[in-house]
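> Structure: data.cif, mmCIF, C-alpha atoms.
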data_work
loop_
_atom_site.label_atom_id
_atom_site.label_comp_id
_atom_site.auth_asym_id
_atom_site.auth_seq_id
_atom_site.Cartn_x
_atom_site.Cartn_y
_atom_site.Cartn_z
CA MET A 1 27.78 1.24 8.43
CA LYS A 2 25.28 3.79 9.65
CA SER A 3 23.76 4.72 6.34
CA PHE A 4 23.25 3.45 2.83
CA SER A 5 22.01 4.99 -0.38
CA GLY A 6 21.09 2.71 -3.24
CA LYS A 7 19.09 2.58 -6.43
CA ALA A 8 15.75 1.76 -4.79
CA LEU A 9 16.10 2.85 -1.18
CA ARG A 10 18.25 4.54 1.40
CA TRP A 11 18.51 4.24 5.13
CA GLU A 12 20.20 6.02 8.00
CA TRP A 13 20.75 5.15 11.66
CA ARG A 14 20.65 8.09 14.02
CA ASP A 15 20.12 8.30 17.79
CA GLY A 16 18.64 4.84 18.11
CA VAL A 17 16.27 5.13 15.14
CA ILE A 18 16.71 3.76 11.64
CA GLU A 19 14.87 5.57 8.87
CA LEU A 20 14.39 3.48 5.76
CA THR A 21 13.19 5.49 2.78
CA LEU A 22 11.86 3.73 -0.30
CA ASP A 23 12.70 5.78 -3.37
CA TYR A 24 12.23 3.87 -6.62
CA PRO A 25 10.17 5.62 -9.27
CA PRO A 26 7.42 5.61 -10.17
CA ALA A 27 5.81 4.02 -7.11
CA ASN A 28 8.36 1.89 -5.24
CA GLU A 29 7.42 -1.25 -7.11
CA ILE A 30 8.95 -4.30 -5.47
CA GLY A 31 11.01 -6.21 -8.01
CA THR A 32 14.55 -7.49 -8.10
CA ALA A 33 16.17 -4.08 -7.53
CA MET A 34 14.07 -3.24 -4.47
CA LEU A 35 14.32 -6.78 -3.11
CA GLY A 36 18.10 -6.88 -3.43
CA GLU A 37 18.45 -3.69 -1.42
CA LEU A 38 15.85 -4.76 1.13
CA GLU A 39 17.88 -7.93 1.70
CA LYS A 40 21.01 -5.87 2.38
CA PHE A 41 18.96 -3.62 4.63
CA ALA A 42 17.65 -6.58 6.63
CA ALA A 43 21.21 -7.69 7.30
CA ALA A 44 22.24 -4.18 8.35
CA MET A 45 19.17 -3.87 10.58
CA LYS A 46 20.26 -7.01 12.42
CA GLU A 47 23.69 -5.51 13.07
CA HIS A 48 22.13 -2.40 14.60
CA GLU A 49 19.53 -4.25 16.66
CA ALA A 50 21.09 -3.79 20.08
CA ALA A 51 21.40 -0.02 19.63
CA THR A 52 18.06 0.62 17.91
CA ALA A 53 14.65 1.31 19.41
CA ALA A 54 12.67 1.93 16.25
CA LEU A 55 12.66 1.57 12.48
CA ILE A 56 10.58 3.93 10.38
CA ILE A 57 9.77 2.90 6.82
CA SER A 58 8.50 5.65 4.54
CA SER A 59 8.50 6.62 0.90
CA ALA A 60 10.04 9.50 -0.99
CA GLN A 61 7.89 8.81 -4.04
CA ARG A 62 4.98 11.22 -4.37
CA ARG A 63 2.57 8.54 -5.51
CA GLY A 64 2.71 6.62 -2.30
CA PHE A 65 4.31 4.07 -0.04
CA SER A 66 4.37 1.36 -2.69
CA ALA A 67 2.10 0.21 -5.49
CA GLY A 68 3.22 -3.38 -4.90
CA ALA A 69 5.09 -5.96 -6.92
CA ASP A 70 6.83 -4.84 -10.10
CA LEU A 71 4.32 -6.44 -12.43
CA ARG A 72 6.04 -5.22 -15.56
CA GLU A 73 9.30 -6.87 -14.54
CA LEU A 74 7.45 -10.01 -13.44
CA TYR A 75 5.70 -10.28 -16.80
CA GLU A 76 8.75 -9.52 -18.94
CA ARG A 77 11.00 -11.92 -17.07
CA SER A 78 8.37 -14.65 -16.91
CA ALA A 79 7.46 -14.39 -20.58
CA ALA A 80 11.06 -15.13 -21.53
CA LEU A 81 11.20 -18.39 -19.55
CA SER A 82 9.90 -21.90 -19.98
CA GLU A 83 7.07 -22.89 -17.67
CA THR A 84 9.41 -24.88 -15.44
CA GLU A 85 11.88 -22.00 -15.20
CA ARG A 86 9.07 -19.53 -14.58
CA LEU A 87 7.67 -21.52 -11.68
CA ALA A 88 11.08 -22.08 -10.15
CA GLY A 89 11.86 -18.40 -10.54
CA ILE A 90 8.70 -17.18 -8.87
CA ARG A 91 9.15 -19.57 -5.96
CA GLN A 92 12.70 -18.40 -5.44
CA PHE A 93 11.58 -14.76 -5.57
CA LEU A 94 8.84 -15.38 -3.04
CA GLU A 95 11.19 -17.23 -0.69
CA ARG A 96 13.55 -14.26 -0.78
CA VAL A 97 10.75 -11.75 -0.17
CA HIS A 98 9.39 -13.79 2.70
CA ALA A 99 12.83 -14.00 4.30
CA VAL A 100 13.15 -10.21 4.28
CA LEU A 101 9.61 -9.50 5.43
CA ASN A 102 9.84 -12.14 8.16
CA ALA A 103 13.06 -10.51 9.37
CA ILE A 104 11.35 -7.11 9.65
CA ASP A 105 8.22 -8.63 11.19
CA SER A 106 10.14 -10.52 13.87
CA SER A 107 12.76 -7.92 14.65
CA PRO A 108 12.98 -6.80 18.28
CA ILE A 109 13.15 -3.26 16.89
CA VAL A 110 9.74 -1.53 16.93
CA THR A 111 8.76 -0.92 13.33
CA ILE A 112 6.62 1.93 12.06
CA ALA A 113 5.30 2.35 8.52
CA ALA A 114 4.62 5.98 7.62
CA VAL A 115 2.22 5.52 4.72
CA HIS A 116 1.07 8.11 2.24
CA GLY A 117 -0.65 7.62 -1.10
CA VAL A 118 -1.08 4.11 -2.42
CA CYS A 119 -0.19 1.15 -0.25
CA PHE A 120 -1.24 -1.71 -2.50
CA GLY A 121 -0.39 -5.38 -2.84
CA GLY A 122 3.24 -5.99 -1.94
CA GLY A 123 3.42 -2.48 -0.53
CA LEU A 124 0.66 -3.27 1.92
CA GLU A 125 2.41 -6.55 2.69
CA LEU A 126 5.55 -4.60 3.62
CA ALA A 127 3.54 -2.19 5.78
CA LEU A 128 1.86 -5.14 7.50
CA THR A 129 5.21 -6.39 8.76
CA CYS A 130 5.38 -3.21 10.84
CA ASP A 131 4.12 -2.92 14.40
CA ILE A 132 2.50 0.44 13.81
CA ILE A 133 1.06 1.96 10.65
CA VAL A 134 0.75 5.76 10.62
CA ALA A 135 -1.44 6.67 7.66
CA ASP A 136 -1.56 9.98 5.86
CA LYS A 137 -5.14 11.21 5.59
CA LEU A 138 -5.19 10.47 1.85
CA ALA A 139 -3.48 7.07 2.01
CA ARG A 140 -5.23 4.07 0.53
CA PHE A 141 -4.74 0.37 1.23
CA ALA A 142 -5.64 -2.51 -1.06
CA PHE A 143 -5.00 -6.09 -2.11
CA PRO A 144 -5.91 -6.06 -5.80
CA GLU A 145 -4.18 -9.35 -6.65
CA LEU A 146 -7.28 -11.34 -7.54
CA ARG A 147 -7.65 -9.36 -10.76
CA LEU A 148 -4.43 -10.98 -11.90
CA GLY A 149 -5.63 -14.45 -11.01
CA LEU A 150 -3.40 -14.45 -7.94
CA ILE A 151 -3.54 -13.97 -4.20
CA PRO A 152 -1.15 -11.76 -2.23
CA GLY A 153 2.11 -13.71 -2.16
CA PHE A 154 4.35 -11.72 0.16
CA GLY A 155 2.63 -12.83 3.36
CA GLY A 156 -0.29 -10.43 3.13
CA ILE A 157 -3.19 -12.68 3.99
CA PRO A 158 -1.77 -14.21 7.20
CA ARG A 159 -0.62 -10.78 8.37
CA LEU A 160 -3.87 -9.02 7.51
CA LYS A 161 -5.78 -11.72 9.37
CA ARG A 162 -3.54 -11.06 12.35
CA ASP A 163 -4.74 -7.44 12.50
CA LEU A 164 -8.29 -7.31 11.09
CA GLY A 165 -11.57 -9.12 11.49
CA ASN A 166 -12.02 -11.89 8.93
CA ALA A 167 -15.11 -10.29 7.37
CA LEU A 168 -13.19 -7.22 6.27
CA VAL A 169 -10.23 -9.35 5.15
CA ARG A 170 -12.63 -11.30 2.91
CA ASP A 171 -14.13 -8.07 1.54
CA LEU A 172 -10.74 -6.57 0.72
CA LEU A 173 -9.32 -9.73 -0.77
CA LEU A 174 -12.38 -10.82 -2.75
CA THR A 175 -13.29 -7.38 -4.14
CA GLY A 176 -9.82 -5.90 -4.44
CA ARG A 177 -11.20 -2.55 -3.28
CA SER A 178 -9.09 0.02 -1.48
CA LEU A 179 -9.67 1.42 2.01
CA ASN A 180 -9.08 5.03 2.88
CA ALA A 181 -7.05 5.99 5.93
CA ALA A 182 -10.04 6.74 8.15
CA ARG A 183 -11.60 3.39 7.42
CA ALA A 184 -8.22 1.69 7.84
CA GLN A 185 -7.93 3.22 11.28
CA ALA A 186 -11.50 2.28 12.21
CA ALA A 187 -10.73 -1.30 11.15
CA GLY A 188 -7.52 -1.41 13.16
CA LEU A 189 -5.15 -1.57 10.20
CA ALA A 190 -3.71 1.90 10.79
CA SER A 191 -3.37 2.87 14.42
CA GLN A 192 -2.81 6.58 13.73
CA VAL A 193 -3.93 8.96 11.00
CA ALA A 194 -1.87 12.03 10.16
CA ALA A 195 -2.78 15.24 8.38
CA GLU A 196 -1.70 15.36 4.75
CA GLY A 197 2.06 15.20 4.46
CA GLU A 198 2.54 14.66 8.18
CA ALA A 199 2.79 10.85 8.47
CA LEU A 200 6.58 10.80 8.70
CA LYS A 201 6.59 13.55 11.30
CA LEU A 202 4.10 11.59 13.41
CA ALA A 203 6.12 8.42 12.93
CA ARG A 204 9.24 10.19 14.21
CA SER A 205 7.35 11.46 17.24
CA THR A 206 6.11 7.90 17.89
CA ALA A 207 9.65 6.54 17.54
CA GLY A 208 10.82 9.09 20.07
CA GLN A 209 8.26 7.89 22.56
CA ILE A 210 9.17 4.24 21.96
CA GLY A 211 12.83 5.02 22.57
CA LYS A 212 12.12 5.98 26.17
CA PHE A 213 11.48 2.39 27.23
CA ASP A 214 13.86 -0.42 28.13
CA GLY A 215 14.89 -2.38 25.03
CA ALA A 216 14.65 -5.87 26.51
CA THR A 217 11.17 -5.17 27.89
CA ARG A 218 10.07 -3.76 24.56
CA ALA A 219 11.36 -6.83 22.71
CA ALA A 220 9.66 -9.23 25.15
CA ALA A 221 6.34 -7.37 24.83
CA LYS A 222 6.57 -7.42 21.06
CA ARG A 223 7.35 -11.14 20.91
CA PHE A 224 4.33 -11.83 23.11
CA ILE A 225 1.78 -9.70 21.26
CA LYS A 226 2.87 -10.31 17.71
CA PRO A 227 3.00 -13.97 16.73
CA ILE A 228 4.52 -14.71 13.33
CA PRO A 229 2.12 -16.98 11.38
CA HIS A 230 4.89 -19.17 9.97
CA GLU A 231 2.70 -22.07 8.87
CA GLU A 232 0.21 -19.89 7.03
CA LEU A 233 3.02 -17.90 5.43
CA ARG A 234 4.41 -21.13 3.99
CA GLU A 235 0.95 -22.19 2.87
CA GLU A 236 0.47 -18.87 1.10
CA ILE A 237 3.62 -19.46 -0.96
CA GLU A 238 2.31 -22.87 -2.04
CA ILE A 239 -1.08 -21.51 -3.04
CA PHE A 240 0.51 -18.62 -4.93
CA CYS A 241 2.87 -20.91 -6.84
CA ASP A 242 0.00 -23.22 -7.66
CA LEU A 243 -2.07 -20.34 -9.04
CA PHE A 244 0.90 -18.96 -10.95
CA ARG A 245 0.89 -22.06 -13.18
CA ARG A 246 -2.42 -21.04 -14.69
CA PRO A 247 -2.36 -19.38 -18.14
CA ALA A 248 -4.81 -16.75 -16.85
CA VAL A 249 -2.02 -15.27 -14.72
CA MET A 250 0.30 -14.49 -17.61
CA ALA A 251 -2.72 -13.20 -19.52
CA GLY A 252 -3.64 -10.95 -16.58
CA LEU A 253 -0.09 -9.65 -16.27
CA LYS A 254 0.05 -8.98 -20.01
CA LYS A 255 -3.23 -7.10 -19.84
CA PHE A 256 -1.97 -4.97 -16.95
CA VAL A 257 1.34 -4.19 -18.64
CA GLU A 258 -0.29 -3.29 -21.95
CA SER A 259 -3.26 -1.45 -20.43
CA THR A 260 -4.23 1.97 -21.63
CA ASP A 261 -6.97 2.02 -19.02
CA ALA A 262 -7.04 5.25 -17.06
CA MET A 263 -7.14 3.29 -13.83
CA PRO A 264 -5.04 0.14 -14.31
CA TYR A 265 -4.32 -0.12 -10.61
CA LEU A 266 -7.98 -0.68 -9.85
CA PRO A 267 -9.79 -4.03 -10.11
CA MET B 268 -24.63 18.67 5.76
CA SER B 269 -27.00 15.73 6.07
CA ALA B 270 -28.13 13.16 3.54
CA MET B 271 -30.66 15.73 2.24
CA ARG B 272 -28.19 16.87 -0.43
CA THR B 273 -29.56 16.95 -3.94
CA LEU B 274 -27.53 15.53 -6.79
CA ASP B 275 -26.82 19.08 -7.96
CA GLN B 276 -25.45 20.01 -4.55
CA THR B 277 -23.33 16.87 -4.46
CA THR B 278 -22.02 17.57 -7.95
CA GLN B 279 -21.11 21.12 -6.95
CA GLU B 280 -19.24 19.91 -3.89
CA VAL B 281 -17.37 17.34 -5.98
CA LEU B 282 -16.30 20.08 -8.39
CA GLU B 283 -15.21 22.34 -5.54
CA LEU B 284 -13.20 19.58 -3.89
CA ALA B 285 -11.50 18.66 -7.18
CA THR B 286 -10.76 22.32 -7.88
CA LYS B 287 -9.15 22.75 -4.49
CA HIS B 288 -7.28 19.43 -4.51
CA PHE B 289 -5.78 19.84 -7.95
CA GLN B 290 -5.37 23.62 -7.52
CA VAL B 291 -7.09 24.70 -10.71
CA ALA B 292 -8.95 27.94 -11.33
CA ALA B 293 -12.31 28.24 -9.62
CA GLY B 294 -15.16 27.55 -12.03
CA SER B 295 -12.89 25.85 -14.56
CA LEU B 296 -14.36 22.38 -13.98
CA GLN B 297 -17.76 21.38 -15.33
CA PRO B 298 -19.93 18.37 -14.44
CA GLY B 299 -19.47 16.75 -17.83
CA ASP B 300 -15.68 17.13 -17.94
CA ASP B 301 -13.51 14.04 -18.24
CA PHE B 302 -11.40 14.55 -15.14
CA PHE B 303 -8.47 12.53 -16.43
CA ARG B 304 -8.20 14.63 -19.57
CA LYS B 305 -9.19 17.97 -18.07
CA LEU B 306 -6.87 17.71 -15.09
CA GLY B 307 -4.15 15.62 -16.73
CA ILE B 308 -4.17 13.19 -13.83
CA ASP B 309 -3.52 9.47 -13.61
CA SER B 310 -5.23 6.72 -11.70
CA LEU B 311 -3.21 7.18 -8.56
CA GLN B 312 -4.02 10.89 -8.42
CA ALA B 313 -7.66 10.00 -8.96
CA LEU B 314 -7.46 7.83 -5.85
CA GLU B 315 -6.30 10.84 -3.83
CA LEU B 316 -9.46 12.61 -4.94
CA LEU B 317 -11.47 9.54 -4.01
CA SER B 318 -10.05 9.68 -0.47
CA ARG B 319 -10.89 13.34 -0.21
CA LEU B 320 -14.42 12.74 -1.44
CA GLU B 321 -14.96 9.87 0.97
CA ASN B 322 -13.70 11.95 3.89
CA HIS B 323 -15.85 14.93 2.91
CA PHE B 324 -19.10 13.04 2.36
CA GLY B 325 -18.48 10.55 5.17
CA ILE B 326 -18.93 7.55 2.89
CA GLU B 327 -16.99 4.64 1.48
CA LEU B 328 -17.00 4.42 -2.29
CA PRO B 329 -15.57 1.09 -3.47
CA ASP B 330 -13.15 1.43 -6.35
CA TYR B 331 -15.18 -0.95 -8.51
CA GLU B 332 -18.07 1.51 -8.41
CA VAL B 333 -15.93 4.18 -10.04
CA GLN B 334 -14.22 1.89 -12.54
CA GLY B 335 -15.03 3.34 -15.93
CA VAL B 336 -16.25 6.62 -14.43
CA SER B 337 -14.40 9.58 -15.86
CA ASP B 338 -16.71 12.58 -15.49
CA PHE B 339 -17.67 14.53 -12.40
CA LYS B 340 -21.42 14.18 -12.84
CA THR B 341 -21.33 10.37 -12.90
CA LEU B 342 -18.95 10.41 -9.96
CA ALA B 343 -21.44 12.57 -8.07
CA GLU B 344 -24.20 10.09 -8.89
CA ARG B 345 -22.15 7.26 -7.42
CA ILE B 346 -21.61 9.34 -4.28
CA GLN B 347 -25.26 10.33 -4.08
CA SER B 348 -26.30 6.69 -4.00
CA ARG B 349 -24.25 6.26 -0.81
CA LEU B 350 -25.60 9.27 1.06
#
Please express what this file holds, its structure, as structure tokens.

Amino acid sequence: MKSFSGKALRWEWRDGVIELTLDYPPANEIGTAMLGELEKFAAAMKEHEAATAALIISSAQRRGFSAGADLRELYERSAALSETERLAGIRQFLERVHAVLNAIDSSPIVTIAAVHGVCFGGGLELALTCDIIVADKLARFAFPELRLGLIPGFGGIPRLKRDLGNALVRDLLLTGRSLNAARAQAAGLASQVAAEGEALKLARSTAGQIGKFDGATRAAAKRFIKPIPHEELREEIEIFCDLFRRPAVMAGLKKFVESTDAMPYLP
Amino acid sequence: MSAMRTLDQTTQEVLELATKHFQVAAGSLQPGDDFFRKLGIDSLQALELLSRLENHFGIELPDYEVQGVSDFKTLAERIQSRL
């Protein structure tokens, strides 16, 4: 299969490059629908590995790359369950997300996130699995999870620590504030900044360049320079699940879902 | 322009940037306007404006400093304090 079009995303393999396009209104929230299709994508990506130099992940939603986890779905599903079921459910969901993101992170294929608009929470965690982030000039990056009484649970903290200095990681995590593209590039999060609307074009140009090099050499270089923080990723799941037990989390989710605040995405 | 901008100058530049970004008629935005209501924008669109403002003024404006801010004049004051 060289292409797929689903409810939440589509992808196409062409000339050694896979383009994965997230397209789930309103802002590519990562819930069961997106996760299910990402899992299928991860399997397909593996099949195409030998013939693929680069994967580009981008978004067709105007609002941005991804606003993160589907908090509405998380709240509605969790509210209907007993505490034991809720905790088991969230752990299972996280394990599935981690499996997909680890597969993208560790793939020998060079991965490029072409980010425009909001890249928050789980969306940022997806982008962080990529080797290269090309940021649209107006893109913004944030981990706002603390306002829900949680930490990033999709592997964000270990991966952010891999790329940024700890001081900025602490600032982002503990304030929940968002970084613009210029600052993200200065900090080393985004390696390239594109003019408005041009991130995907730049990502394609970058993929073209990457495709010129020998695949085995590329894969060896990537394995060497990009360690996967397996132990910390596991620890993050445990901390997240532990926090999720707290009543404040369901209260925070309820507040977000019912908010009439003009800026509910902000801390 | 250097950090010698007055608040009035900053406010004017904010209005001009918002006018251009959201493609509304020149002069249609006033300092006291609620930008969510006047422009019919949501929080994510407001963040686009924030990026544009940060790039233009060469500053970082943490989101928590604009939480609760909905008019251009107050936004300009927040920016002014970072110049």
> Please write as number ranges by chain the full residue list that the PyMOL selection byres ((chain B) within 10 of (chain A)) yields on this file.
B: 303-304, 308-319, 321-322, 325-337
> Can you give me, as a CSV table (one decimal) with C-alpha atoms, keeping the file's coordinate frame, the residues this file yields under the PyMOL selection byres ((chain A and resi 97) around 12)?

chain,number,residue,atom,x,y,z
A,30,ILE,CA,9.0,-4.3,-5.5
A,31,GLY,CA,11.0,-6.2,-8.0
A,32,THR,CA,14.6,-7.5,-8.1
A,33,ALA,CA,16.2,-4.1,-7.5
A,34,MET,CA,14.1,-3.2,-4.5
A,35,LEU,CA,14.3,-6.8,-3.1
A,36,GLY,CA,18.1,-6.9,-3.4
A,37,GLU,CA,18.4,-3.7,-1.4
A,38,LEU,CA,15.8,-4.8,1.1
A,39,GLU,CA,17.9,-7.9,1.7
A,42,ALA,CA,17.6,-6.6,6.6
A,69,ALA,CA,5.1,-6.0,-6.9
A,90,ILE,CA,8.7,-17.2,-8.9
A,91,ARG,CA,9.2,-19.6,-6.0
A,92,GLN,CA,12.7,-18.4,-5.4
A,93,PHE,CA,11.6,-14.8,-5.6
A,94,LEU,CA,8.8,-15.4,-3.0
A,95,GLU,CA,11.2,-17.2,-0.7
A,96,ARG,CA,13.6,-14.3,-0.8
A,98,HIS,CA,9.4,-13.8,2.7
A,99,ALA,CA,12.8,-14.0,4.3
A,100,VAL,CA,13.2,-10.2,4.3
A,101,LEU,CA,9.6,-9.5,5.4
A,102,ASN,CA,9.8,-12.1,8.2
A,103,ALA,CA,13.1,-10.5,9.4
A,104,ILE,CA,11.4,-7.1,9.6
A,122,GLY,CA,3.2,-6.0,-1.9
A,123,GLY,CA,3.4,-2.5,-0.5
A,125,GLU,CA,2.4,-6.6,2.7
A,126,LEU,CA,5.6,-4.6,3.6
A,129,THR,CA,5.2,-6.4,8.8
A,153,GLY,CA,2.1,-13.7,-2.2
A,154,PHE,CA,4.4,-11.7,0.2
A,155,GLY,CA,2.6,-12.8,3.4
A,156,GLY,CA,-0.3,-10.4,3.1
A,233,LEU,CA,3.0,-17.9,5.4
A,237,ILE,CA,3.6,-19.5,-1.0
> Quick check, in Å to one decimal: how far apart do atom CA of Arg272 of chain B and atom CA of Phe289 of chain B lie?
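Taking atom CA of Arg272 of chain B as the start and atom CA of Phe289 of chain B as the end point, the length is 23.8 Å.
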> Need to verify the contact set: Ala60 of chain A, 7 Å, only C-alpha atoms, exclusion of same-chain residues closer than 3 positions in sequence. Can you return it as a PyMOL selection string?
chain A and resi 21-23
> In Å, with one decimal, what is the gap from atom CA of Leu9 of chain A to atom CA of Leu173 of chain A?
28.4 Å
> Between atom CA of Phe41 of chain A and atom CA of Arg162 of chain A, what distance in Å does the model show, to one decimal?
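Between atom CA of Phe41 of chain A and atom CA of Arg162 of chain A the gap is 24.9 Å.
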